[in-house]
$ cat input02.cif   # mmCIF, C-alpha atoms
data_target
#
loop_
_atom_site.label_atom_id
_atom_site.label_comp_id
_atom_site.auth_asym_id
_atom_site.auth_seq_id
_atom_site.Cartn_x
_atom_site.Cartn_y
_atom_site.Cartn_z
CA MET A 1 -87.65 26.77 56.78
CA ARG A 2 -87.70 28.73 53.54
CA THR A 3 -84.51 30.51 54.60
CA ALA A 4 -82.68 27.17 55.11
CA MET A 5 -83.86 25.87 51.76
CA ALA A 6 -82.74 29.07 50.06
CA ARG A 7 -79.35 28.79 51.68
CA ALA A 8 -78.96 25.17 50.54
CA ALA A 9 -79.96 26.08 46.99
CA ALA A 10 -77.47 28.95 47.01
CA ALA A 11 -74.74 26.62 48.26
CA ARG A 12 -75.51 24.08 45.53
CA ALA A 13 -75.44 26.82 42.90
CA ALA A 14 -72.11 28.12 44.24
CA GLY A 15 -70.65 24.61 44.19
CA LEU A 16 -71.87 24.09 40.63
CA ARG A 17 -70.27 27.36 39.56
CA THR A 18 -67.02 26.31 41.21
CA VAL A 19 -67.04 22.95 39.38
CA LYS A 20 -67.76 24.67 36.08
CA ALA A 21 -64.99 27.18 36.70
CA ARG A 22 -62.53 24.40 37.47
CA ALA A 23 -63.60 22.52 34.33
CA ALA A 24 -63.12 25.66 32.25
CA ARG A 25 -59.67 26.22 33.72
CA LEU A 26 -58.80 22.57 33.00
CA ARG A 27 -59.95 22.93 29.40
CA THR A 28 -57.83 26.05 29.05
CA VAL A 29 -54.77 24.26 30.45
CA LYS A 30 -55.31 21.31 28.11
CA ALA A 31 -55.75 23.63 25.13
CA ARG A 32 -52.55 25.49 25.97
CA ALA A 33 -50.69 22.19 26.44
CA ALA A 34 -51.97 20.87 23.12
CA LEU A 35 -50.92 24.10 21.40
CA TRP A 36 -47.46 23.87 22.99
CA ILE A 37 -47.10 20.24 21.90
CA ARG A 38 -48.17 21.08 18.35
CA ARG A 39 -45.67 23.93 18.20
CA ARG A 40 -42.86 21.76 19.58
CA ALA A 41 -43.74 18.95 17.18
CA GLY A 42 -43.76 21.41 14.30
CA LEU A 43 -40.34 22.73 15.28
CA LEU A 44 -38.99 19.19 15.65
CA LEU A 45 -40.41 18.18 12.28
CA PHE A 46 -38.91 21.28 10.69
CA ALA A 47 -35.53 20.48 12.22
CA LEU A 48 -35.68 16.90 10.97
CA LEU A 49 -36.63 18.02 7.48
CA ALA A 50 -33.84 20.57 7.47
CA THR A 51 -31.39 17.88 8.55
CA GLN A 52 -32.54 15.53 5.82
CA LEU A 53 -32.42 18.22 3.16
CA GLY A 54 -28.97 19.20 4.34
CA SER A 55 -27.77 15.61 3.97
CA LEU A 56 -29.21 15.42 0.47
CA VAL A 57 -27.40 18.48 -0.82
CA SER A 58 -24.16 17.83 1.04
CA PRO A 59 -21.62 16.68 -1.56
CA ALA A 60 -19.16 13.84 -1.09
CA TYR A 61 -15.76 15.45 -1.60
CA ALA A 62 -13.54 12.40 -1.34
CA CYS A 63 -13.42 8.87 -2.60
CA GLY A 64 -10.56 6.41 -2.74
CA CYS A 65 -7.44 7.98 -4.17
CA GLY A 66 -8.99 11.22 -5.43
CA ALA A 67 -11.57 13.89 -4.75
CA MET A 68 -15.09 13.76 -6.16
CA VAL A 69 -16.77 17.15 -6.49
CA PRO A 70 -20.42 17.29 -7.68
CA ASP A 71 -21.99 20.24 -9.44
CA GLY A 72 -23.81 22.85 -7.37
CA SER A 73 -26.12 21.45 -4.67
CA SER A 74 -26.20 17.91 -6.05
CA ARG A 75 -24.90 14.95 -4.15
CA ILE A 76 -22.79 12.01 -5.27
CA GLY A 77 -21.40 9.08 -3.36
CA VAL A 78 -18.96 6.35 -4.31
CA SER A 79 -20.27 3.10 -2.87
CA ARG A 80 -17.39 1.02 -4.18
CA GLU A 81 -13.98 1.62 -5.69
CA ALA A 82 -11.77 -1.08 -7.17
CA SER A 83 -8.20 -0.32 -8.27
CA VAL A 84 -5.47 -2.29 -10.02
CA VAL A 85 -1.84 -1.16 -10.07
CA ARG A 86 0.86 -2.49 -12.42
CA TRP A 87 4.44 -1.42 -11.67
CA ASP A 88 7.58 -2.66 -13.41
CA GLY A 89 10.08 -0.53 -11.50
CA ARG A 90 9.87 2.41 -13.92
CA THR A 91 6.27 2.82 -15.03
CA GLU A 92 3.06 2.66 -13.03
CA GLN A 93 -0.37 2.03 -14.48
CA VAL A 94 -3.53 2.39 -12.41
CA ALA A 95 -6.97 1.14 -13.44
CA MET A 96 -9.92 2.40 -11.42
CA ARG A 97 -13.59 1.56 -11.55
CA PHE A 98 -16.20 3.48 -9.54
CA THR A 99 -19.73 2.52 -8.58
CA VAL A 100 -21.54 5.79 -7.87
CA GLY A 101 -24.98 6.91 -6.75
CA GLY A 102 -26.78 10.19 -6.19
CA ASP A 103 -28.60 12.79 -8.21
CA ALA A 104 -25.66 14.63 -9.81
CA LYS A 105 -25.73 15.05 -13.60
CA ARG A 106 -22.09 16.14 -13.60
CA ALA A 107 -19.14 15.83 -11.27
CA ALA A 108 -15.40 16.41 -11.22
CA TRP A 109 -12.78 14.01 -9.96
CA ILE A 110 -9.13 14.77 -9.26
CA MET A 111 -6.14 12.45 -8.94
CA PRO A 112 -2.61 13.70 -8.24
CA VAL A 113 0.16 11.81 -10.08
CA PRO A 114 3.94 12.09 -9.62
CA GLY A 115 4.70 12.35 -13.35
CA ARG A 116 3.31 13.11 -16.81
CA ALA A 117 0.24 10.90 -17.30
CA THR A 118 -1.66 9.37 -20.19
CA VAL A 119 -5.30 8.34 -19.82
CA ARG A 120 -7.50 5.89 -21.67
CA LEU A 121 -10.50 3.65 -21.08
CA GLY A 122 -9.96 0.16 -19.70
CA ASP A 123 -11.51 -3.26 -20.27
CA VAL A 124 -14.65 -3.84 -18.19
CA ALA A 125 -13.70 -7.53 -17.92
CA LEU A 126 -10.44 -6.78 -16.05
CA PHE A 127 -11.94 -6.64 -12.57
CA PRO A 128 -14.14 -9.77 -12.81
CA GLN A 129 -11.09 -11.76 -13.91
CA LEU A 130 -9.06 -10.49 -10.95
CA VAL A 131 -11.90 -11.40 -8.58
CA ASP A 132 -11.80 -14.96 -9.96
CA LEU A 133 -8.01 -15.17 -9.71
CA THR A 134 -7.87 -14.00 -6.09
CA GLY A 135 -10.99 -15.70 -4.75
CA PRO A 136 -10.73 -18.07 -1.78
CA GLU A 137 -10.16 -21.80 -2.05
CA TYR A 138 -13.17 -23.77 -0.89
CA ARG A 139 -12.59 -26.92 1.16
CA THR A 140 -14.77 -29.37 3.04
CA ARG A 141 -13.86 -30.68 6.49
CA GLY A 142 -15.69 -33.36 8.43
CA TYR A 143 -16.78 -33.53 12.04
CA PHE A 144 -17.61 -36.63 14.09
CA TRP A 145 -20.35 -35.91 16.61
CA PRO A 146 -23.71 -34.56 15.35
CA ARG A 147 -24.37 -30.87 15.68
CA ARG A 148 -27.50 -28.80 15.74
CA GLY A 149 -29.20 -29.48 12.46
CA ASP A 150 -28.05 -33.12 12.30
CA TRP A 151 -30.19 -36.10 13.32
CA PRO A 152 -31.11 -36.73 16.07
CA LEU A 153 -30.48 -33.20 17.42
CA ASP A 154 -32.62 -31.50 14.80
CA SER A 155 -34.66 -32.51 11.82
CA GLY A 156 -34.02 -29.21 10.06
CA ARG A 157 -31.20 -28.12 7.82
CA GLY A 158 -27.59 -28.81 8.69
CA ASP A 159 -25.08 -26.11 9.48
CA ALA A 160 -22.59 -24.93 6.90
CA ALA A 161 -19.62 -22.95 8.18
CA GLY A 162 -17.64 -20.69 5.97
CA ALA A 163 -16.44 -17.11 6.09
CA ALA A 164 -16.97 -14.88 3.12
CA PRO A 165 -14.56 -13.67 2.74
CA PRO A 166 -12.53 -5.60 -2.68
CA GLY A 167 3.74 23.59 -15.21
CA SER A 168 4.28 26.61 -14.20
CA GLY A 169 3.76 30.09 -15.60
CA GLU A 170 0.55 31.75 -16.74
CA PRO A 171 -2.21 30.68 -16.62
CA ARG A 172 -1.82 29.04 -13.24
CA VAL A 173 -3.37 25.81 -14.62
CA GLY A 174 -1.62 24.36 -17.63
CA VAL A 175 -3.74 21.98 -19.72
CA ILE A 176 -1.41 19.37 -21.18
CA GLY A 177 -4.17 17.52 -22.97
CA ARG A 178 -7.90 17.05 -22.99
CA GLU A 179 -10.04 14.28 -24.48
CA ARG A 180 -13.48 12.72 -24.25
CA LEU A 181 -13.43 9.06 -23.10
CA GLY A 182 -16.90 7.55 -22.72
CA ASP A 183 -18.57 9.24 -19.75
CA PHE A 184 -15.31 11.08 -18.93
CA ASP A 185 -14.04 14.48 -20.05
CA VAL A 186 -10.37 14.15 -19.10
CA ALA A 187 -7.94 17.02 -18.64
CA ARG A 188 -4.29 16.47 -17.74
CA LEU A 189 -3.09 19.48 -15.77
CA THR A 190 -0.11 21.16 -14.20
CA ALA A 191 -0.42 23.72 -11.40
CA THR A 192 1.82 26.15 -9.58
CA ASP A 193 -0.15 26.42 -6.32
CA PRO A 194 -3.11 24.74 -4.61
CA GLU A 195 -5.54 27.40 -5.82
CA ALA A 196 -4.82 26.54 -9.45
CA LEU A 197 -7.14 23.55 -9.50
CA GLY A 198 -9.80 25.66 -7.81
CA ASP A 199 -9.57 28.17 -10.63
CA TRP A 200 -9.90 25.41 -13.21
CA LEU A 201 -12.91 23.84 -11.50
CA ARG A 202 -14.67 27.16 -11.01
CA SER A 203 -14.15 28.05 -14.66
CA ASN A 204 -15.86 24.77 -15.53
CA GLY A 205 -18.86 25.27 -13.25
CA PHE A 206 -17.65 23.52 -10.08
CA GLU A 207 -16.69 24.73 -6.64
CA LEU A 208 -13.56 23.41 -4.98
CA PRO A 209 -13.81 23.06 -1.17
CA ASP A 210 -11.33 25.17 0.74
CA ARG A 211 -10.10 22.14 2.67
CA LEU A 212 -9.23 20.37 -0.59
CA SER A 213 -6.94 23.24 -1.58
CA ALA A 214 -5.00 22.75 1.64
CA GLU A 215 -4.70 19.00 1.03
CA LEU A 216 -3.34 19.61 -2.47
CA LYS A 217 -0.44 21.74 -1.21
CA PRO A 218 1.94 18.78 -0.52
CA TYR A 219 1.48 17.61 -4.12
CA VAL A 220 2.15 21.11 -5.45
CA ASP A 221 5.30 21.32 -3.29
CA GLN A 222 6.50 18.02 -4.82
CA ARG A 223 5.67 19.32 -8.33
CA TRP A 224 3.17 16.57 -9.02
CA GLU A 225 0.71 16.87 -11.87
CA TYR A 226 -3.01 16.16 -11.91
CA VAL A 227 -5.59 14.20 -13.82
CA ALA A 228 -8.84 16.16 -13.64
CA VAL A 229 -11.91 14.34 -14.88
CA ARG A 230 -15.39 15.65 -15.56
CA LEU A 231 -17.94 12.88 -15.28
CA ALA A 232 -20.93 13.56 -17.51
CA PRO A 233 -23.34 10.89 -18.79
CA ARG A 234 -23.55 10.61 -22.56
CA ASP A 235 -27.37 10.52 -22.39
CA PRO A 236 -28.81 14.06 -21.92
CA GLY A 237 -30.47 14.56 -18.53
CA ALA A 238 -29.17 11.28 -17.07
CA THR A 239 -27.66 11.16 -13.59
CA LEU A 240 -24.37 9.60 -12.58
CA SER A 241 -25.22 6.21 -11.15
CA GLY A 242 -24.12 2.60 -11.39
CA THR A 243 -20.71 1.27 -12.34
CA LEU A 244 -18.69 3.53 -14.61
CA ASP A 245 -16.24 2.38 -17.29
CA PRO A 246 -12.73 1.68 -15.95
CA LEU A 247 -10.25 4.49 -16.42
CA LEU A 248 -6.54 3.71 -17.01
CA ILE A 249 -3.89 6.21 -15.93
CA ARG A 250 -0.24 5.62 -16.79
CA PHE A 251 2.79 7.61 -15.59
CA GLU A 252 6.50 7.23 -14.93
CA SER A 253 7.49 6.52 -11.34
CA ASP A 254 10.56 4.99 -9.69
CA ARG A 255 8.46 3.93 -6.70
CA LEU A 256 5.08 2.31 -6.38
CA VAL A 257 2.76 4.94 -4.92
CA TYR A 258 -1.01 5.01 -4.63
CA PRO A 259 -2.39 8.50 -3.81
CA MET A 260 -4.65 8.45 -0.74
CA ARG A 261 -4.17 11.82 0.96
CA LEU A 262 -7.34 13.40 -0.45
CA SER A 263 -9.48 10.67 1.10
CA ARG A 264 -8.94 12.28 4.50
CA LEU A 265 -11.70 14.72 3.49
CA ALA A 266 -14.34 11.97 3.40
CA ALA A 267 -17.16 12.30 5.92
CA THR A 268 -17.76 8.54 6.26
CA ALA A 269 -15.54 5.50 6.71
CA GLN A 270 -13.54 4.54 3.62
CA SER A 271 -12.28 1.20 2.34
CA LEU A 272 -9.60 0.31 -0.18
CA GLY A 273 -9.43 -2.81 -2.32
CA LEU A 274 -6.16 -2.86 -4.23
CA TYR A 275 -4.72 -5.38 -6.69
CA VAL A 276 -0.97 -5.00 -7.25
CA LEU A 277 0.89 -6.61 -10.17
CA ALA A 278 4.67 -6.42 -9.79
CA GLU A 279 7.83 -8.53 -9.87
CA HIS A 280 7.46 -9.48 -6.21
CA ARG A 281 4.87 -9.68 -3.48
CA MET A 282 4.16 -6.11 -2.37
CA GLU A 283 3.15 -4.58 0.95
CA PRO A 284 2.32 -1.04 2.17
CA VAL A 285 5.15 0.67 4.01
CA SER A 286 2.68 1.86 6.68
CA ALA A 287 -1.03 1.89 7.49
CA ILE A 288 -1.17 5.71 6.83
CA GLY A 289 -3.78 6.17 9.57
CA GLY A 290 -6.09 3.26 8.75
CA ASN A 291 -6.48 -0.26 10.09
CA ALA A 292 -3.68 -2.72 9.37
CA PRO A 293 -3.73 -3.70 5.67
CA GLU A 294 -4.78 -7.31 5.08
CA VAL A 295 -3.36 -9.45 2.26
CA THR A 296 -6.18 -11.57 0.87
CA PHE A 297 -4.17 -13.16 -1.95
CA ALA A 298 -0.52 -13.47 -2.95
CA GLY A 299 0.82 -15.61 -5.75
CA ARG A 300 2.63 -15.68 -9.08
CA ILE A 301 0.35 -15.85 -12.09
CA THR A 302 0.71 -16.04 -15.87
CA PRO A 303 -1.67 -13.34 -17.13
CA THR A 304 -4.23 -14.11 -19.79
CA GLY A 305 -7.11 -12.18 -21.33
CA PRO A 306 -7.79 -8.70 -19.92
CA VAL A 307 -5.10 -9.07 -17.23
CA ALA A 308 -2.51 -9.81 -19.94
CA GLU A 309 -3.66 -6.77 -21.91
CA PHE A 310 -3.22 -4.65 -18.78
CA ALA A 311 0.00 -6.11 -17.34
CA GLY A 312 1.62 -8.08 -20.19
CA ALA A 313 1.82 -11.81 -20.79
CA GLU A 314 4.96 -12.51 -18.72
CA PRO A 315 4.54 -14.19 -15.28
CA VAL A 316 3.97 -11.60 -12.56
CA PHE A 317 3.28 -11.61 -8.84
CA LEU A 318 -0.26 -10.63 -7.89
CA THR A 319 -1.01 -9.25 -4.41
CA ALA A 320 -4.55 -8.37 -3.29
CA ILE A 321 -4.79 -5.98 -0.34
CA ASP A 322 -7.82 -4.83 1.66
CA GLN A 323 -7.76 -1.95 4.13
CA SER A 324 -10.38 0.06 5.98
CA PHE A 325 -10.21 3.63 7.24
CA PRO A 326 -12.80 4.06 10.04
CA VAL A 327 -11.72 7.69 10.62
CA PRO A 328 -10.64 9.16 7.26
CA SER A 329 -9.32 12.35 8.85
CA ARG A 330 -6.46 10.27 10.30
CA ILE A 331 -5.07 9.46 6.85
CA ASP A 332 -1.64 11.08 6.91
CA GLY A 333 -0.17 10.40 3.48
CA ASP A 334 -0.16 8.33 0.32
CA HIS A 335 0.35 4.59 0.17
CA GLU A 336 3.88 3.67 -0.82
CA LEU A 337 4.34 -0.04 -1.46
CA ARG A 338 7.54 -2.08 -1.28
CA ALA A 339 8.58 -5.66 -1.95
CA SER A 340 7.93 -8.06 0.94
CA ALA A 341 10.79 -9.94 2.58
CA ALA A 342 9.76 -13.10 0.70
CA ASP A 343 7.42 -13.98 -2.15
CA ALA A 344 5.36 -16.20 0.11
CA PRO A 345 2.13 -17.33 -1.57
CA TYR A 346 -1.15 -16.97 0.27
CA ARG A 347 -4.75 -17.77 -0.49
CA ARG A 348 -7.74 -17.61 1.79
CA VAL A 349 -9.47 -20.90 2.54
CA ASP A 350 -13.19 -21.06 3.24
CA TYR A 351 -14.37 -24.26 4.91
CA THR A 352 -17.70 -26.04 4.72
CA ASP A 353 -18.23 -28.43 7.63
CA GLU A 354 -19.95 -31.76 6.94
CA LEU A 355 -20.87 -34.67 9.19
CA LEU A 356 -18.59 -37.66 8.54
CA THR A 357 -20.44 -40.51 6.86
CA ALA A 358 -19.64 -43.97 5.44
CA GLY A 359 -21.98 -45.34 2.83
CA GLY A 360 -24.46 -42.62 3.70
CA VAL A 361 -24.51 -43.60 7.38
CA PRO A 362 -23.03 -41.17 9.94
CA VAL A 363 -19.70 -42.49 11.23
CA TRP A 364 -20.70 -41.77 14.81
CA ILE A 365 -23.62 -44.21 14.50
CA LEU A 366 -21.37 -46.92 13.05
CA THR A 367 -18.76 -46.29 15.73
CA LEU A 368 -21.33 -46.27 18.54
CA GLY A 369 -23.02 -49.39 17.12
CA GLY A 370 -19.68 -51.16 16.85
CA ALA A 371 -18.79 -50.18 20.41
CA LEU A 372 -22.12 -51.51 21.67
CA ALA A 373 -21.60 -54.76 19.74
CA VAL A 374 -18.12 -55.18 21.22
CA ALA A 375 -19.48 -54.45 24.69
CA ALA A 376 -22.25 -57.00 24.22
CA LEU A 377 -19.78 -59.64 23.00
CA ALA A 378 -17.50 -58.92 25.94
CA ALA A 379 -20.46 -59.32 28.30
CA VAL A 380 -21.38 -62.70 26.74
CA LEU A 381 -17.81 -63.96 26.97
CA THR A 382 -17.57 -62.80 30.56
CA ALA A 383 -20.80 -64.62 31.42
CA LEU A 384 -19.52 -67.83 29.82
CA ARG A 385 -16.27 -67.66 31.77
CA LEU A 386 -18.18 -67.15 35.00
CA ARG A 387 -20.42 -70.09 34.18
CA ARG A 388 -17.43 -72.36 33.52
CA GLY A 389 -15.88 -71.23 36.76
CA ARG A 390 -18.99 -72.08 38.76
CA ALA A 391 -19.32 -75.49 37.03
CA ALA A 392 -15.72 -76.39 37.81
CA ALA A 393 -16.29 -75.53 41.45
CA VAL A 394 -19.19 -78.06 41.80
CA PRO A 395 -17.98 -81.76 41.94
CA GLY A 396 -19.60 -84.09 39.40
CA SER A 397 -21.07 -81.24 37.33
CA PRO A 398 -20.69 -81.55 33.53
CA HIS A 399 -18.24 -79.25 31.80
CA VAL A 400 -19.59 -76.81 29.33
#
$ encode --input "input02.cif" --output "structure tokens"
Amino acid sequence: MRTAMARAAAARAAGLRTVKARAARLRTVKARAALWIRRRAGLLLFALLATQLGSLVSPAYACGCGAMVPDGSSRIGVSREASVVRWDGRTEQVAMRFTVGGDAKRAAWIMPVPGRATVRLGDVALFPQLVDLTGPEYRTRGYFWPRRGDWPLDSGRGDAAGAAPPGSGEPRVGVIGRERLGDFDVARLTATDPEALGDWLRSNGFELPDRLSAELKPYVDQRWEYVAVRLAPRDPGATLSGTLDPLLIRFESDRLVYPMRLSRLAATAQSLGLYVLAEHRMEPVSAIGGNAPEVTFAGRITPTGPVAEFAGAEPVFLTAIDQSFPVPSRIDGDHELRASAADAPYRRVDYTDELLTAGGVPVWILTLGGALAVAALAAVLTALRLRRGRAAAVPGSPHV
């Protein structure tokens, strides 16, 4: 009896030890798994942080028609660029206004030009006036049957439809002139090879990307010159942000050209909003690797105010062009613009739809009510004719 009890107690003890051993092994497995998860999470977090830091210090090398190069490890981005071009067949004048953001206290910007250039500050009111001149025409159009938002389909607000509608020799860089214009330190340069601008930038504390040197070679081969601009806020310690003063660049040119080649270096999609003032309606010769250019306004105007100061007071044809470049690396040249086949005017029209009313009453109610009244009258007349017919059929009955 005692032997059996001892055996049972030993079996229970062995089972308990087995359970405890399994529990210990399970705790060990869980601990190892938790440690593995923590390590993986730490590595993932480190990778994410490294990615974010890399994006913060990665400079934006291209914007619009030039190259923007920040200082050192800073970053700068151009969120919007507006440009106006005036061409009279001999001279081209370009006004550019940048809206920038980032943490750079200094940056350099480069624009190739086909001839000797002069540079000055522009009027900040030029672009708002052009926006007003080229804005869409707003019209109202009526609809008959009620839509969602109209009584009795909905007691809420009604719908409103409308689309919203943008040199040579030593040294290798020759400085033709240099001046301080607001937030800009402007140098007008000549160069004998693509590395020349790199030398100039490095001597002024900036690094020129290798790819940019390659993109500059076609301009060097054509003996173009360059407008190199150092952007530096007038307030000590301030960063480059917000909308900068417009910069006006003027040069001789027998063709209307807008430099775009350097924008192929951009890492994100680019867009171009271009106002062109010339004798005729103008159009790009090709899409140069972007989406098809869209004309958003075309018409002859008589300049006044800032536009007259920029383009002269004589009547001139204004063309507004929008174009997007989803893949900047496909940009294969500069924009060359030519006169269109005809000076056809164009203006966008934005419509607002409204329910047709008469005296404040929806027309559909009046029409439906009138139709019901006519139907009721027709029914009464039909009943009277039937009654007369029945009375005439009965001898001796009085006529109605």
$ atom_distance --input "input02.cif" --atom1 "CA of Val380 (chain A)" --atom2 "CA of Leu366 (chain A)"
20.9 Å
$ resolve_selection --input "input02.cif" --expression "the PyMOL selection byres ((chain A and resi 119-127) around 10)" --output "PyMOL selection string"
chain A and resi 82-84+93-97+117-118+128-133+166+177-184+186-188+227+243-251+275+305-310
$ write_last_selection --input "input02.cif" --atoms "C-alpha atoms" --output "tab-separated table (two decimals), in the frame of the given file"
chain	number	residue	atom	x	y	z
A	82	ALA	CA	-11.77	-1.08	-7.17
A	83	SER	CA	-8.20	-0.32	-8.27
A	84	VAL	CA	-5.47	-2.29	-10.02
A	93	GLN	CA	-0.37	2.03	-14.48
A	94	VAL	CA	-3.53	2.39	-12.41
A	95	ALA	CA	-6.97	1.14	-13.44
A	96	MET	CA	-9.92	2.40	-11.42
A	97	ARG	CA	-13.59	1.56	-11.55
A	117	ALA	CA	0.24	10.90	-17.30
A	118	THR	CA	-1.66	9.37	-20.19
A	128	PRO	CA	-14.14	-9.77	-12.81
A	129	GLN	CA	-11.09	-11.76	-13.91
A	130	LEU	CA	-9.06	-10.49	-10.95
A	131	VAL	CA	-11.90	-11.40	-8.58
A	132	ASP	CA	-11.80	-14.96	-9.96
A	133	LEU	CA	-8.01	-15.17	-9.71
A	166	PRO	CA	-12.53	-5.60	-2.68
A	177	GLY	CA	-4.17	17.52	-22.97
A	178	ARG	CA	-7.90	17.05	-22.99
A	179	GLU	CA	-10.04	14.28	-24.48
A	180	ARG	CA	-13.48	12.72	-24.25
A	181	LEU	CA	-13.43	9.06	-23.10
A	182	GLY	CA	-16.90	7.55	-22.72
A	183	ASP	CA	-18.57	9.24	-19.75
A	184	PHE	CA	-15.31	11.08	-18.93
A	186	VAL	CA	-10.37	14.15	-19.10
A	187	ALA	CA	-7.94	17.02	-18.64
A	188	ARG	CA	-4.29	16.47	-17.74
A	227	VAL	CA	-5.59	14.20	-13.82
A	243	THR	CA	-20.71	1.27	-12.34
A	244	LEU	CA	-18.69	3.53	-14.61
A	245	ASP	CA	-16.24	2.38	-17.29
A	246	PRO	CA	-12.73	1.68	-15.95
A	247	LEU	CA	-10.25	4.49	-16.42
A	248	LEU	CA	-6.54	3.71	-17.01
A	249	ILE	CA	-3.89	6.21	-15.93
A	250	ARG	CA	-0.24	5.62	-16.79
A	251	PHE	CA	2.79	7.61	-15.59
A	275	TYR	CA	-4.72	-5.38	-6.69
A	305	GLY	CA	-7.11	-12.18	-21.33
A	306	PRO	CA	-7.79	-8.70	-19.92
A	307	VAL	CA	-5.10	-9.07	-17.23
A	308	ALA	CA	-2.51	-9.81	-19.94
A	309	GLU	CA	-3.66	-6.77	-21.91
A	310	PHE	CA	-3.22	-4.65	-18.78
$ closest_residue --input "input02.cif" --among "A:Glu294, A:Glu92, A:Thr192, A:Leu197" --to "Trp109 (chain A)" --atoms "all atoms listed in the file"
A:Leu197
$ atom_distance --input "input02.cif" --atom1 "CA of Glu314 (chain A)" --atom2 "CA of Thr302 (chain A)"
6.2 Å
$ closest_residue --input "input02.cif" --among "A:Trp87, A:Tyr219, A:Tyr226, A:Phe98" --to "Ile110 (chain A)" --atoms "only C-alpha atoms"
A:Tyr226
$ closest_residue --input "input02.cif" --among "A:Ile321, A:Ala191, A:Leu355, A:Ala339" --to "Thr296 (chain A)" --atoms "all atoms listed in the file"
A:Ile321
$ closest_residue --input "input02.cif" --among "A:Leu262, A:Ala214, A:Val175, A:Val374" --to "Pro112 (chain A)" --atoms "all atoms listed in the file"
A:Leu262
$ atom_distance --input "input02.cif" --atom1 "CA of Asp221 (chain A)" --atom2 "CA of Asp332 (chain A)"
16.0 Å
$ closest_residue --input "input02.cif" --among "A:Val363, A:Val257, A:Ala383, A:Leu372" --to "Arg338 (chain A)" --atoms "only C-alpha atoms"
A:Val257
$ closest_residue --input "input02.cif" --among "A:Thr134, A:Thr91, A:Thr382, A:Thr367" --to "Arg300 (chain A)" --atoms "only C-alpha atoms"
A:Thr134
$ residues_around --input "input02.cif" --residues "Glu354 (chain A)" --least-positions-apart "2" --cutoff "8 Å" --atoms "only C-alpha atoms" --output "MDAnalysis selection string"
chainID A and resid 140:143 160 352 356
